[in-house]
file coords.cif (mmCIF, C-alpha atoms)
data_target
#
loop_
_atom_site.label_atom_id
_atom_site.label_comp_id
_atom_site.auth_asym_id
_atom_site.auth_seq_id
_atom_site.Cartn_x
_atom_site.Cartn_y
_atom_site.Cartn_z
CA MET A 7 -11.46 160.82 97.80
CA ASP A 8 -13.98 163.68 97.94
CA ALA A 9 -13.39 167.03 96.24
CA ILE A 10 -11.27 169.57 98.09
CA GLN A 11 -13.42 172.08 99.95
CA LYS A 12 -11.59 173.34 103.06
CA VAL A 13 -7.99 174.57 102.84
CA LEU A 14 -5.38 175.78 105.32
CA VAL A 15 -2.13 177.61 104.64
CA VAL A 16 0.48 177.70 107.39
CA GLY A 17 2.67 180.80 107.02
CA ARG A 18 1.62 184.25 105.86
CA GLY A 19 4.95 185.38 104.45
CA ALA A 20 5.72 185.99 100.78
CA VAL A 21 4.85 182.53 99.40
CA GLY A 22 2.16 181.57 101.90
CA GLY A 23 0.53 184.97 101.72
CA LEU A 24 0.49 184.94 97.93
CA PHE A 25 -0.87 181.41 97.50
CA GLY A 26 -3.27 181.82 100.41
CA THR A 27 -4.70 185.02 98.96
CA LEU A 28 -5.21 183.38 95.57
CA ILE A 29 -7.09 180.48 97.15
CA GLU A 30 -9.17 182.67 99.47
CA GLU A 31 -10.35 184.77 96.55
CA LYS A 32 -11.97 181.64 95.07
CA ILE A 33 -13.29 179.71 98.09
CA GLY A 34 -13.95 182.44 100.65
CA ASP A 35 -14.35 181.43 104.29
CA ARG A 36 -13.58 177.80 103.50
CA PHE A 37 -9.98 179.01 103.52
CA ALA A 38 -7.94 180.09 106.56
CA PHE A 39 -4.39 180.87 107.60
CA LEU A 40 -3.26 178.63 110.46
CA CYS A 41 -1.04 180.10 113.17
CA ASP A 42 -0.53 180.07 116.94
CA GLU A 43 -2.80 182.03 119.29
CA ASN A 44 -0.43 184.99 119.71
CA ARG A 45 0.08 185.44 115.99
CA LYS A 46 -3.65 184.99 115.38
CA ALA A 47 -4.46 187.83 117.79
CA ARG A 48 -1.83 190.06 116.21
CA TYR A 49 -3.01 189.36 112.66
CA GLN A 50 -6.62 190.07 113.61
CA GLN A 51 -5.72 193.41 115.16
CA ASN A 52 -3.57 194.71 112.29
CA ASP A 53 -4.18 195.41 108.63
CA TYR A 54 -3.10 192.95 105.96
CA VAL A 55 -2.50 194.65 102.62
CA VAL A 56 -1.94 192.90 99.28
CA ASN A 57 -0.73 195.06 96.38
CA GLY A 58 -2.18 198.12 98.07
CA VAL A 59 -5.57 196.57 98.81
CA LYS A 60 -6.63 195.88 102.40
CA LYS A 61 -7.67 192.24 102.82
CA THR A 62 -9.87 190.59 105.42
CA GLU A 63 -8.62 187.06 105.95
CA ARG A 64 -9.68 184.28 108.30
CA TYR A 65 -7.19 183.06 110.90
CA VAL A 66 -7.40 179.91 112.99
CA SER A 67 -5.24 178.29 115.65
CA PRO A 68 -5.03 174.62 116.71
CA ALA A 69 -7.75 175.33 119.29
CA ASP A 70 -10.18 175.97 116.43
CA ALA A 71 -9.60 172.53 114.89
CA TYR A 72 -11.93 171.14 112.22
CA PRO A 73 -11.28 168.63 109.40
CA VAL A 74 -9.69 170.07 106.25
CA ASP A 75 -8.99 168.64 102.82
CA LEU A 76 -5.73 170.39 101.90
CA VAL A 77 -2.86 171.90 103.89
CA LEU A 78 -0.05 173.99 102.39
CA ILE A 79 2.91 174.61 104.70
CA ALA A 80 4.72 177.78 103.66
CA THR A 81 6.75 178.68 106.74
CA LYS A 82 10.47 179.26 106.97
CA ALA A 83 12.54 176.14 107.68
CA SER A 84 12.88 177.26 111.30
CA GLY A 85 9.10 177.13 111.72
CA PHE A 86 8.50 173.82 109.96
CA ALA A 87 8.51 171.62 113.07
CA ASP A 88 5.98 173.88 114.80
CA ALA A 89 3.83 173.85 111.66
CA MET A 90 3.72 170.06 111.67
CA GLU A 91 2.42 170.14 115.25
CA GLN A 92 -0.14 172.85 114.50
CA ILE A 93 -1.75 170.97 111.61
CA LYS A 94 -2.34 167.71 113.49
CA PRO A 95 -5.80 168.57 114.94
CA PHE A 96 -7.08 169.45 111.44
CA LEU A 97 -6.09 166.26 109.66
CA LYS A 98 -8.33 163.45 108.45
CA PRO A 99 -7.04 160.29 106.77
CA ASP A 100 -7.17 161.72 103.25
CA THR A 101 -6.04 165.31 103.94
CA ILE A 102 -3.51 166.24 101.24
CA LEU A 103 -0.28 167.78 102.53
CA ILE A 104 1.99 170.06 100.52
CA SER A 105 5.25 171.70 101.57
CA CYS A 106 6.14 174.97 99.83
CA LEU A 107 9.55 175.10 101.53
CA ASN A 108 12.76 175.40 99.60
CA GLY A 109 15.13 172.46 99.38
CA ILE A 110 14.43 168.76 99.13
CA GLU A 111 14.04 167.63 102.75
CA SER A 112 10.66 168.87 103.95
CA ASP A 113 8.57 166.52 101.78
CA GLU A 114 10.42 163.48 103.11
CA THR A 115 10.01 164.78 106.66
CA LEU A 116 6.24 165.01 106.13
CA MET A 117 6.13 161.51 104.63
CA ARG A 118 7.89 160.09 107.67
CA ALA A 119 5.69 161.94 110.13
CA PHE A 120 2.22 161.50 108.59
CA SER A 121 0.19 158.76 106.93
CA GLN A 122 -1.76 161.33 104.89
CA PRO A 123 -0.86 161.74 101.19
CA VAL A 124 2.08 164.12 100.65
CA ILE A 125 2.34 165.63 97.17
CA ARG A 126 5.78 166.97 96.31
CA ALA A 127 5.74 170.58 95.15
CA ILE A 128 7.92 173.51 94.11
CA SER A 129 6.93 177.15 94.45
CA GLN A 130 8.63 179.14 91.73
CA LYS A 131 8.80 182.24 89.51
CA MET A 132 6.99 184.59 91.89
CA ASP A 133 8.53 187.88 93.00
CA ALA A 134 6.48 188.38 96.16
CA ARG A 135 7.79 190.53 98.99
CA TYR A 136 6.32 190.63 102.49
CA HIS A 137 7.10 193.24 105.13
CA ASP A 138 5.22 194.50 108.16
CA GLY A 139 1.82 193.18 107.10
CA GLU A 140 2.12 194.19 103.46
CA LEU A 141 2.48 191.76 100.55
CA THR A 142 3.47 192.99 97.09
CA TYR A 143 3.99 191.02 93.90
CA SER A 144 3.85 191.46 90.13
CA SER A 145 4.07 187.75 89.21
CA THR A 146 2.02 185.05 90.94
CA GLY A 147 4.50 182.41 89.87
CA GLU A 148 3.25 178.85 90.06
CA LEU A 149 3.19 175.70 92.15
CA VAL A 150 4.76 172.71 90.42
CA ILE A 151 3.25 169.44 91.66
CA GLY A 152 4.03 165.86 90.81
CA MET A 153 2.97 162.30 91.52
CA GLU A 154 5.98 160.40 92.83
CA GLN A 155 4.28 157.04 93.38
CA LYS A 156 1.25 155.27 91.87
CA SER A 157 -0.33 155.15 95.32
CA GLN A 158 -0.62 158.97 95.15
CA LYS A 159 -2.73 158.93 91.99
CA GLU A 160 -6.12 159.56 93.63
CA ALA A 161 -4.80 162.39 95.82
CA PHE A 162 -2.91 163.93 92.91
CA GLU A 163 -5.93 163.88 90.62
CA THR A 164 -8.09 165.39 93.37
CA LEU A 165 -5.53 168.18 93.80
CA VAL A 166 -5.36 168.84 90.05
CA ASP A 167 -9.16 168.97 89.88
CA PHE A 168 -9.21 171.56 92.68
CA PHE A 169 -6.52 173.74 91.09
CA GLU A 170 -8.33 173.59 87.76
CA ARG A 171 -11.61 174.49 89.43
CA ILE A 172 -10.26 177.61 91.12
CA ARG A 173 -7.81 178.44 88.28
CA PHE A 174 -4.84 178.29 90.60
CA PRO A 175 -1.44 178.73 88.87
CA TYR A 176 0.11 175.26 88.80
CA ILE A 177 2.12 172.93 86.58
CA ALA A 178 1.89 169.14 86.67
CA SER A 179 5.41 167.74 86.56
CA SER A 180 6.25 164.43 84.91
CA ASP A 181 9.37 164.09 87.12
CA ILE A 182 8.87 166.10 90.29
CA VAL A 183 11.98 164.77 92.06
CA HIS A 184 14.19 165.93 89.18
CA ASP A 185 12.43 169.28 89.11
CA GLN A 186 12.98 169.75 92.85
CA TYR A 187 16.71 169.20 92.38
CA SER A 188 16.70 171.65 89.47
CA LYS A 189 14.99 174.28 91.65
CA LEU A 190 17.54 173.57 94.39
CA MET A 191 20.25 174.37 91.84
CA LEU A 192 18.57 177.69 91.05
CA ASN A 193 18.17 178.56 94.73
CA CYS A 194 21.82 177.84 95.43
CA GLY A 195 22.63 180.39 92.76
CA ILE A 196 20.15 183.24 92.97
CA ASN A 197 19.27 183.14 96.69
CA GLN A 198 22.82 182.99 97.94
CA VAL A 199 24.28 185.56 95.53
CA CYS A 200 21.47 188.04 96.22
CA ALA A 201 21.80 187.50 99.97
CA ILE A 202 25.53 188.11 100.16
CA HIS A 203 25.42 191.21 97.97
CA ARG A 204 22.01 192.49 99.16
CA ALA A 205 21.18 192.48 95.48
CA THR A 206 17.90 192.54 93.56
CA TYR A 207 17.13 190.20 90.68
CA GLY A 208 17.81 193.05 88.28
CA LYS A 209 21.23 193.83 89.74
CA VAL A 210 22.33 190.19 89.45
CA MET A 211 21.25 190.06 85.82
CA ARG A 212 22.88 193.43 84.95
CA ASP A 213 26.15 193.14 86.85
CA PRO A 214 28.60 190.90 84.91
CA GLU A 215 30.43 189.73 88.05
CA LEU A 216 27.27 188.85 89.98
CA HIS A 217 25.70 187.21 86.94
CA ARG A 218 28.81 185.07 86.44
CA LEU A 219 28.74 184.03 90.11
CA PHE A 220 25.03 183.18 89.80
CA VAL A 221 25.65 180.92 86.79
CA ASP A 222 28.88 179.41 88.17
CA THR A 223 27.06 178.44 91.37
CA MET A 224 24.31 176.72 89.39
CA LYS A 225 26.86 174.85 87.27
CA GLU A 226 28.81 173.66 90.30
CA THR A 227 25.58 172.56 91.99
CA ARG A 228 24.56 170.74 88.81
CA ASP A 229 27.92 168.89 88.74
CA VAL A 230 27.62 167.85 92.40
CA LEU A 231 24.06 166.59 91.90
CA ALA A 232 25.25 164.55 88.91
CA THR A 233 27.12 162.33 91.39
CA GLN A 234 23.67 161.27 92.67
CA GLY A 235 22.37 160.47 89.21
CA VAL A 236 20.58 163.80 88.77
CA ARG A 237 21.12 165.04 85.21
CA ILE A 238 20.45 168.73 84.66
CA SER A 239 21.04 170.12 81.17
CA ASP A 240 22.57 173.41 80.06
CA ALA A 241 19.15 174.24 78.63
CA GLU A 242 17.64 174.06 82.13
CA ILE A 243 20.25 176.48 83.44
CA GLU A 244 19.48 178.88 80.58
CA SER A 245 15.77 178.49 81.25
CA TRP A 246 16.26 179.50 84.90
CA GLU A 247 18.29 182.52 83.80
CA GLY A 248 15.38 183.55 81.60
CA ALA A 249 12.90 183.05 84.44
CA ILE A 250 14.91 185.33 86.73
CA ALA A 251 15.22 187.94 83.98
CA ARG A 252 11.40 188.09 83.72
CA LEU A 253 10.84 188.81 87.43
CA ASP A 254 10.43 192.29 88.89
CA PRO A 255 14.02 193.63 88.67
CA ASP A 256 13.58 195.58 91.92
CA SER A 257 12.50 192.51 93.90
CA MET A 258 14.74 189.94 95.57
CA PRO A 259 14.51 186.34 96.82
CA SER A 260 13.60 185.33 100.35
CA MET A 261 17.16 184.81 101.56
CA ALA A 262 18.14 188.37 100.65
CA GLN A 263 14.99 189.62 102.37
CA ASP A 264 16.01 187.64 105.46
CA VAL A 265 19.49 189.20 105.45
CA LEU A 266 18.08 192.73 105.20
CA ALA A 267 15.65 191.98 108.05
CA GLY A 268 18.37 190.49 110.26
CA ARG A 269 16.75 187.05 110.28
CA LYS A 270 18.44 183.66 110.21
CA THR A 271 18.65 182.42 106.62
CA GLU A 272 17.92 179.02 105.07
CA VAL A 273 21.50 178.55 103.81
CA ASP A 274 21.61 175.04 105.29
CA LEU A 275 18.89 174.02 102.81
CA PHE A 276 21.05 175.24 99.92
CA ALA A 277 24.87 175.36 100.12
CA LYS A 278 25.09 173.01 103.11
CA THR A 279 23.02 170.38 101.31
CA ILE A 280 25.35 170.55 98.30
CA MET A 281 28.48 170.55 100.49
CA ASP A 282 27.27 167.39 102.25
CA ILE A 283 26.54 165.63 98.95
CA ALA A 284 29.94 166.70 97.58
CA LYS A 285 31.75 165.44 100.66
CA LYS A 286 30.05 162.07 100.50
CA ALA A 287 30.82 161.78 96.78
CA GLY A 288 34.43 162.94 97.19
CA VAL A 289 34.11 165.89 94.81
CA PRO A 290 34.86 169.59 95.40
CA ALA A 291 32.25 172.32 95.88
CA PRO A 292 34.38 175.46 96.37
CA VAL A 293 31.79 178.02 95.22
CA ASN A 294 29.01 176.77 97.49
CA THR A 295 31.51 176.44 100.34
CA MET A 296 32.59 180.06 99.86
CA LEU A 297 29.00 181.30 99.73
CA TYR A 298 28.08 179.27 102.81
CA GLY A 299 30.93 180.81 104.78
CA LYS A 300 30.01 184.35 103.77
CA ILE A 301 26.35 183.90 104.68
CA LYS A 302 27.24 182.39 108.06
CA GLU A 303 29.46 185.43 108.71
CA ILE A 304 26.55 187.72 107.86
CA GLU A 305 24.33 185.80 110.29
CA LYS A 306 26.90 186.22 113.07
CA ARG A 307 26.92 189.99 112.53
#
call {"tool": "encode", "arguments": {"input": "coords.cif", "output": "C-alpha cells"}}
result
Amino acid sequence: MDAIQKVLVVGRGAVGGLFGTLIEEKIGDRFAFLCDENRKARYQQNDYVVNGVKKTERYVSPADAYPVDLVLIATKASGFADAMEQIKPFLKPDTILISCLNGIESDETLMRAFSQPVIRAISQKMDARYHDGELTYSSTGELVIGMEQKSQKEAFETLVDFFERIRFPYIASSDIVHDQYSKLMLNCGINQVCAIHRATYGKVMRDPELHRLFVDTMKETRDVLATQGVRISDAEIESWEGAIARLDPDSMPSMAQDVLAGRKTEVDLFAKTIMDIAKKAGVPAPVNTMLYGKIKEIEKR
C-alpha cells in the first residue's frame, strides 16, 4: 500500500471541521471537504472561521471525483447513508475508510458496504463547537485507532505512518473494540445529561446532582455492557471523569448543541443501544430508559 497523499473529510461540523482543518494545514490542496453540490456552493460563498481566523478550504462534490487514499466520515448519524453514497466515486481498492461517528454501529455498516479497509476509530477529548460557519475549540482531542484483524495490518501501519508524518493527534489502541464500548459508556453519560439539562461540561462537573447522574449513567451502561462480555473498570470511569473536567467548562457535547439548535439528536446511538442490549440480556436499564424518554420529548417539542 502506497503512502497516504490525498484525503477527504465528509462533514464540516465540530469533529469533521476540526480534524479536517488539522489535516489541511499539513497537506494543503491534497485535502478537501466532500459534500453535495448545494452545500459546496454555500460553503464557497460564505466565510469559514476557525478560532477567529478565516480559512480558505477546498470543497468537492461527487461530480469532482478523483482517487483518494483516506476518507474520514464525520457527519451526523442522519447523514451517514448519504455520506456512503458520496464517497463511492473517490474510492480505489486500498482507500482507507474511517468513521468518526459516535456509537458502535457505523464501522460495521462500512465493513458490510465496502471492500476497502475500514479502521475502527474513536474521536474523543475535543471541545469543538460549530455554529453558522464558525468553529471554535481549545482542545484538539485525538483520534483513537485500532487494528481489529491481522488482515488490516498494512492499512493500519500506512495510517499510523501518515498521522506520524503530519503530527496528527492520535492514539493507537491495543483493543479498539473495548475502547469503543468504553467511549459509548461516556457518551451515554455526558451527552445525554448535558442535552436534557442544556448544560455545559463545567456545569455537570460542578453541580452535585448532574454529576451524580452523569456517573450513575456510566455505571449502569457499564453493567449492561458486562452482559456482552465487555469489562469496564472503575478506573476507566474515573479516567473519563478526569477527561471531562479538563475540557473547556463553557463548552458542551454535540447532543446538547443539537438540542439548542432544534436538531434531531443521536440518542438512538446511545440510550437506545443500551436499552436494546439490556432487553436482550434480561437486565434493567432504568437510567438510560429515563434519559431516552426525556430526550425524545425534547425532540417532539
call {"tool": "resolve_selection", "arguments": {"input": "coords.cif", "expression": "the PyMOL selection byres ((chain A and resi 91-94) around 9)", "output": "number ranges by chain"}}
result
A: 14, 16, 40-42, 67-68, 71, 77, 86-90, 95-98
call {"tool": "write_last_selection", "arguments": {"input": "coords.cif", "atoms": "C-alpha atoms", "output": "compact mmCIF listing (two decimals), keeping the file's coordinate frame"}}
result
# COMPACT_ATOMS: atom_id res chain seq x y z
CA LEU A 14 -5.38 175.78 105.32
CA VAL A 16 0.48 177.70 107.39
CA LEU A 40 -3.26 178.63 110.46
CA CYS A 41 -1.04 180.10 113.17
CA ASP A 42 -0.53 180.07 116.94
CA SER A 67 -5.24 178.29 115.65
CA PRO A 68 -5.03 174.62 116.71
CA ALA A 71 -9.60 172.53 114.89
CA VAL A 77 -2.86 171.90 103.89
CA PHE A 86 8.50 173.82 109.96
CA ALA A 87 8.51 171.62 113.07
CA ASP A 88 5.98 173.88 114.80
CA ALA A 89 3.83 173.85 111.66
CA MET A 90 3.72 170.06 111.67
CA PRO A 95 -5.80 168.57 114.94
CA PHE A 96 -7.08 169.45 111.44
CA LEU A 97 -6.09 166.26 109.66
CA LYS A 98 -8.33 163.45 108.45
call {"tool": "closest_residue", "arguments": {"input": "coords.cif", "among": "A:Gly152, A:Gly109, A:Gly208, A:Gly22", "to": "Arg252 (chain A)", "atoms": "all atoms listed in the file"}}
result
A:Gly208
call {"tool": "residues_around", "arguments": {"input": "coords.cif", "residues": "Asn294 (chain A)", "least_positions_apart": "5", "cutoff": "12 Å", "atoms": "only C-alpha atoms", "output": "PyMOL selection string"}}
result
chain A and resi 191+193-199+219-230+273-284+299-301
call {"tool": "write_last_selection", "arguments": {"input": "coords.cif", "atoms": "C-alpha atoms", "output": "CSV table (one decimal), in the coordinates of the input"}}
result
chain,number,residue,atom,x,y,z
A,191,MET,CA,20.2,174.4,91.8
A,193,ASN,CA,18.2,178.6,94.7
A,194,CYS,CA,21.8,177.8,95.4
A,195,GLY,CA,22.6,180.4,92.8
A,196,ILE,CA,20.2,183.2,93.0
A,197,ASN,CA,19.3,183.1,96.7
A,198,GLN,CA,22.8,183.0,97.9
A,199,VAL,CA,24.3,185.6,95.5
A,219,LEU,CA,28.7,184.0,90.1
A,220,PHE,CA,25.0,183.2,89.8
A,221,VAL,CA,25.6,180.9,86.8
A,222,ASP,CA,28.9,179.4,88.2
A,223,THR,CA,27.1,178.4,91.4
A,224,MET,CA,24.3,176.7,89.4
A,225,LYS,CA,26.9,174.8,87.3
A,226,GLU,CA,28.8,173.7,90.3
A,227,THR,CA,25.6,172.6,92.0
A,228,ARG,CA,24.6,170.7,88.8
A,229,ASP,CA,27.9,168.9,88.7
A,230,VAL,CA,27.6,167.8,92.4
A,273,VAL,CA,21.5,178.6,103.8
A,274,ASP,CA,21.6,175.0,105.3
A,275,LEU,CA,18.9,174.0,102.8
A,276,PHE,CA,21.0,175.2,99.9
A,277,ALA,CA,24.9,175.4,100.1
A,278,LYS,CA,25.1,173.0,103.1
A,279,THR,CA,23.0,170.4,101.3
A,280,ILE,CA,25.4,170.6,98.3
A,281,MET,CA,28.5,170.6,100.5
A,282,ASP,CA,27.3,167.4,102.2
A,283,ILE,CA,26.5,165.6,99.0
A,284,ALA,CA,29.9,166.7,97.6
A,299,GLY,CA,30.9,180.8,104.8
A,300,LYS,CA,30.0,184.4,103.8
A,301,ILE,CA,26.4,183.9,104.7
call {"tool": "resolve_selection", "arguments": {"input": "coords.cif", "expression": "the PyMOL selection byres ((chain A and resi 101) around 10)", "output": "CSV table (one decimal) with C-alpha atoms, in the frame of the given file"}}
result
chain,number,residue,atom,x,y,z
A,7,MET,CA,-11.5,160.8,97.8
A,10,ILE,CA,-11.3,169.6,98.1
A,12,LYS,CA,-11.6,173.3,103.1
A,13,VAL,CA,-8.0,174.6,102.8
A,73,PRO,CA,-11.3,168.6,109.4
A,74,VAL,CA,-9.7,170.1,106.2
A,75,ASP,CA,-9.0,168.6,102.8
A,76,LEU,CA,-5.7,170.4,101.9
A,77,VAL,CA,-2.9,171.9,103.9
A,96,PHE,CA,-7.1,169.4,111.4
A,97,LEU,CA,-6.1,166.3,109.7
A,98,LYS,CA,-8.3,163.4,108.4
A,99,PRO,CA,-7.0,160.3,106.8
A,100,ASP,CA,-7.2,161.7,103.2
A,102,ILE,CA,-3.5,166.2,101.2
A,103,LEU,CA,-0.3,167.8,102.5
A,104,ILE,CA,2.0,170.1,100.5
A,121,SER,CA,0.2,158.8,106.9
A,122,GLN,CA,-1.8,161.3,104.9
A,123,PRO,CA,-0.9,161.7,101.2
A,124,VAL,CA,2.1,164.1,100.6
A,161,ALA,CA,-4.8,162.4,95.8
call {"tool": "closest_residue", "arguments": {"input": "coords.cif", "among": "A:Arg45, A:Arg218, A:Arg126, A:Arg269", "to": "Phe162 (chain A)", "atoms": "only C-alpha atoms"}}
result
A:Arg126
call {"tool": "atom_distance", "arguments": {"input": "coords.cif", "atom1": "CA of Leu216 (chain A)", "atom2": "CA of Cys106 (chain A)"}}
result
27.1 Å
call {"tool": "atom_distance", "arguments": {"input": "coords.cif", "atom1": "CA of Lys32 (chain A)", "atom2": "CA of Ile172 (chain A)"}}
result
5.9 Å
call {"tool": "atom_distance", "arguments": {"input": "coords.cif", "atom1": "CA of Ala267 (chain A)", "atom2": "CA of Glu111 (chain A)"}}
result
25.0 Å
call {"tool": "closest_residue", "arguments": {"input": "coords.cif", "among": "A:Gln158, A:Ser144, A:Gln234, A:Ser188", "to": "Val56 (chain A)", "atoms": "all atoms listed in the file"}}
result
A:Ser144
call {"tool": "residues_around", "arguments": {"input": "coords.cif", "residues": "Glu63 (chain A)", "least_positions_apart": "5", "cutoff": "9 Å", "atoms": "only C-alpha atoms", "output": "VMD selection string"}}
result
chain A and resid 27 30 34 to 35 37 to 39 50 54
call {"tool": "residues_around", "arguments": {"input": "coords.cif", "residues": "Ser260 (chain A)", "least_positions_apart": "4", "cutoff": "8 Å", "atoms": "all atoms listed in the file", "output": "list in words"}}
result
Ala20, Arg135, Asn197 and Asp264 of chain A
call {"tool": "write_last_selection", "arguments": {"input": "coords.cif", "atoms": "C-alpha atoms", "output": "compact mmCIF listing (two decimals), in the frame of the given file"}}
result
# COMPACT_ATOMS: atom_id res chain seq x y z
CA ALA A 20 5.72 185.99 100.78
CA ARG A 135 7.79 190.53 98.99
CA ASN A 197 19.27 183.14 96.69
CA ASP A 264 16.01 187.64 105.46
call {"tool": "axis_aligned_box", "arguments": {"input": "coords.cif", "around": "region 282-286 of chain A", "padding_each_side": "3 Å", "output": "lines of an AutoDock Vina configuration file"}}
result
center_x = 29.1
center_y = 164.7
center_z = 99.9
size_x = 11.2
size_y = 11.3
size_z = 10.7
call {"tool": "resolve_selection", "arguments": {"input": "coords.cif", "expression": "the PyMOL selection byres ((chain A and resi 177) around 6)", "output": "list in words"}}
result
Val150, Tyr176 and Ala178 of chain A
call {"tool": "residues_around", "arguments": {"input": "coords.cif", "residues": "Ala205 (chain A)", "least_positions_apart": "5", "cutoff": "7 Å", "atoms": "only C-alpha atoms", "output": "ChimeraX atom specification"}}
result
/A:200,210,258
call {"tool": "write_last_selection", "arguments": {"input": "coords.cif", "atoms": "C-alpha atoms", "output": "CSV table (one decimal), in the frame of the given file"}}
result
chain,number,residue,atom,x,y,z
A,200,CYS,CA,21.5,188.0,96.2
A,210,VAL,CA,22.3,190.2,89.4
A,258,MET,CA,14.7,189.9,95.6
call {"tool": "residues_around", "arguments": {"input": "coords.cif", "residues": "Asp133 (chain A)", "least_positions_apart": "4", "cutoff": "9 Å", "atoms": "only C-alpha atoms", "output": "ChimeraX atom specification"}}
result
/A:20,142-147,253-254,257-259
call {"tool": "closest_residue", "arguments": {"input": "coords.cif", "among": "A:Glu31, A:Glu170, A:Glu160, A:Asp181", "to": "Ala127 (chain A)", "atoms": "only C-alpha atoms"}}
result
A:Asp181
call {"tool": "closest_residue", "arguments": {"input": "coords.cif", "among": "A:Glu242, A:Ile110, A:Ile304, A:Pro290", "to": "Gly268 (chain A)", "atoms": "all atoms listed in the file"}}
result
A:Ile304
call {"tool": "closest_residue", "arguments": {"input": "coords.cif", "among": "A:Arg64, A:Leu231, A:Arg212, A:Thr115", "to": "Asp256 (chain A)", "atoms": "all atoms listed in the file"}}
result
A:Arg212
call {"tool": "build_atoms", "arguments": {"input": "coords.cif", "residues": "region 154-169 of chain A", "atoms": "N, CA and C atoms", "output": "tab-separated table (two decimals), in the frame of the given file"}}
result
chain	number	residue	atom	x	y	z
A	154	GLU	N	4.73	161.16	92.71
A	154	GLU	CA	5.98	160.40	92.83
A	154	GLU	C	5.73	158.89	92.78
A	155	GLN	N	4.59	158.46	93.31
A	155	GLN	CA	4.28	157.04	93.38
A	155	GLN	C	2.85	156.79	92.89
A	156	LYS	N	2.58	155.60	92.36
A	156	LYS	CA	1.25	155.27	91.87
A	156	LYS	C	0.21	155.36	92.97
A	157	SER	N	0.62	155.10	94.21
A	157	SER	CA	-0.33	155.15	95.32
A	157	SER	C	-0.85	156.57	95.56
A	158	GLN	N	-0.20	157.58	94.98
A	158	GLN	CA	-0.62	158.97	95.15
A	158	GLN	C	-1.62	159.42	94.07
A	159	LYS	N	-1.95	158.52	93.16
A	159	LYS	CA	-2.73	158.93	91.99
A	159	LYS	C	-4.05	159.59	92.36
A	160	GLU	N	-4.82	159.00	93.27
A	160	GLU	CA	-6.12	159.56	93.63
A	160	GLU	C	-5.96	160.94	94.25
A	161	ALA	N	-5.02	161.09	95.18
A	161	ALA	CA	-4.80	162.39	95.82
A	161	ALA	C	-4.32	163.42	94.81
A	162	PHE	N	-3.44	163.00	93.92
A	162	PHE	CA	-2.91	163.93	92.91
A	162	PHE	C	-4.02	164.40	91.98
A	163	GLU	N	-4.85	163.49	91.52
A	163	GLU	CA	-5.93	163.88	90.62
A	163	GLU	C	-6.95	164.77	91.32
A	164	THR	N	-7.19	164.52	92.60
A	164	THR	CA	-8.09	165.39	93.37
A	164	THR	C	-7.50	166.79	93.48
A	165	LEU	N	-6.20	166.88	93.70
A	165	LEU	CA	-5.53	168.18	93.80
A	165	LEU	C	-5.58	168.93	92.47
A	166	VAL	N	-5.30	168.22	91.38
A	166	VAL	CA	-5.36	168.84	90.05
A	166	VAL	C	-6.77	169.36	89.76
A	167	ASP	N	-7.77	168.56	90.10
A	167	ASP	CA	-9.16	168.97	89.88
A	167	ASP	C	-9.47	170.26	90.64
A	168	PHE	N	-8.99	170.35	91.88
A	168	PHE	CA	-9.21	171.56	92.68
A	168	PHE	C	-8.52	172.77	92.06
A	169	PHE	N	-7.26	172.61	91.69
A	169	PHE	CA	-6.52	173.74	91.09
A	169	PHE	C	-7.16	174.18	89.78
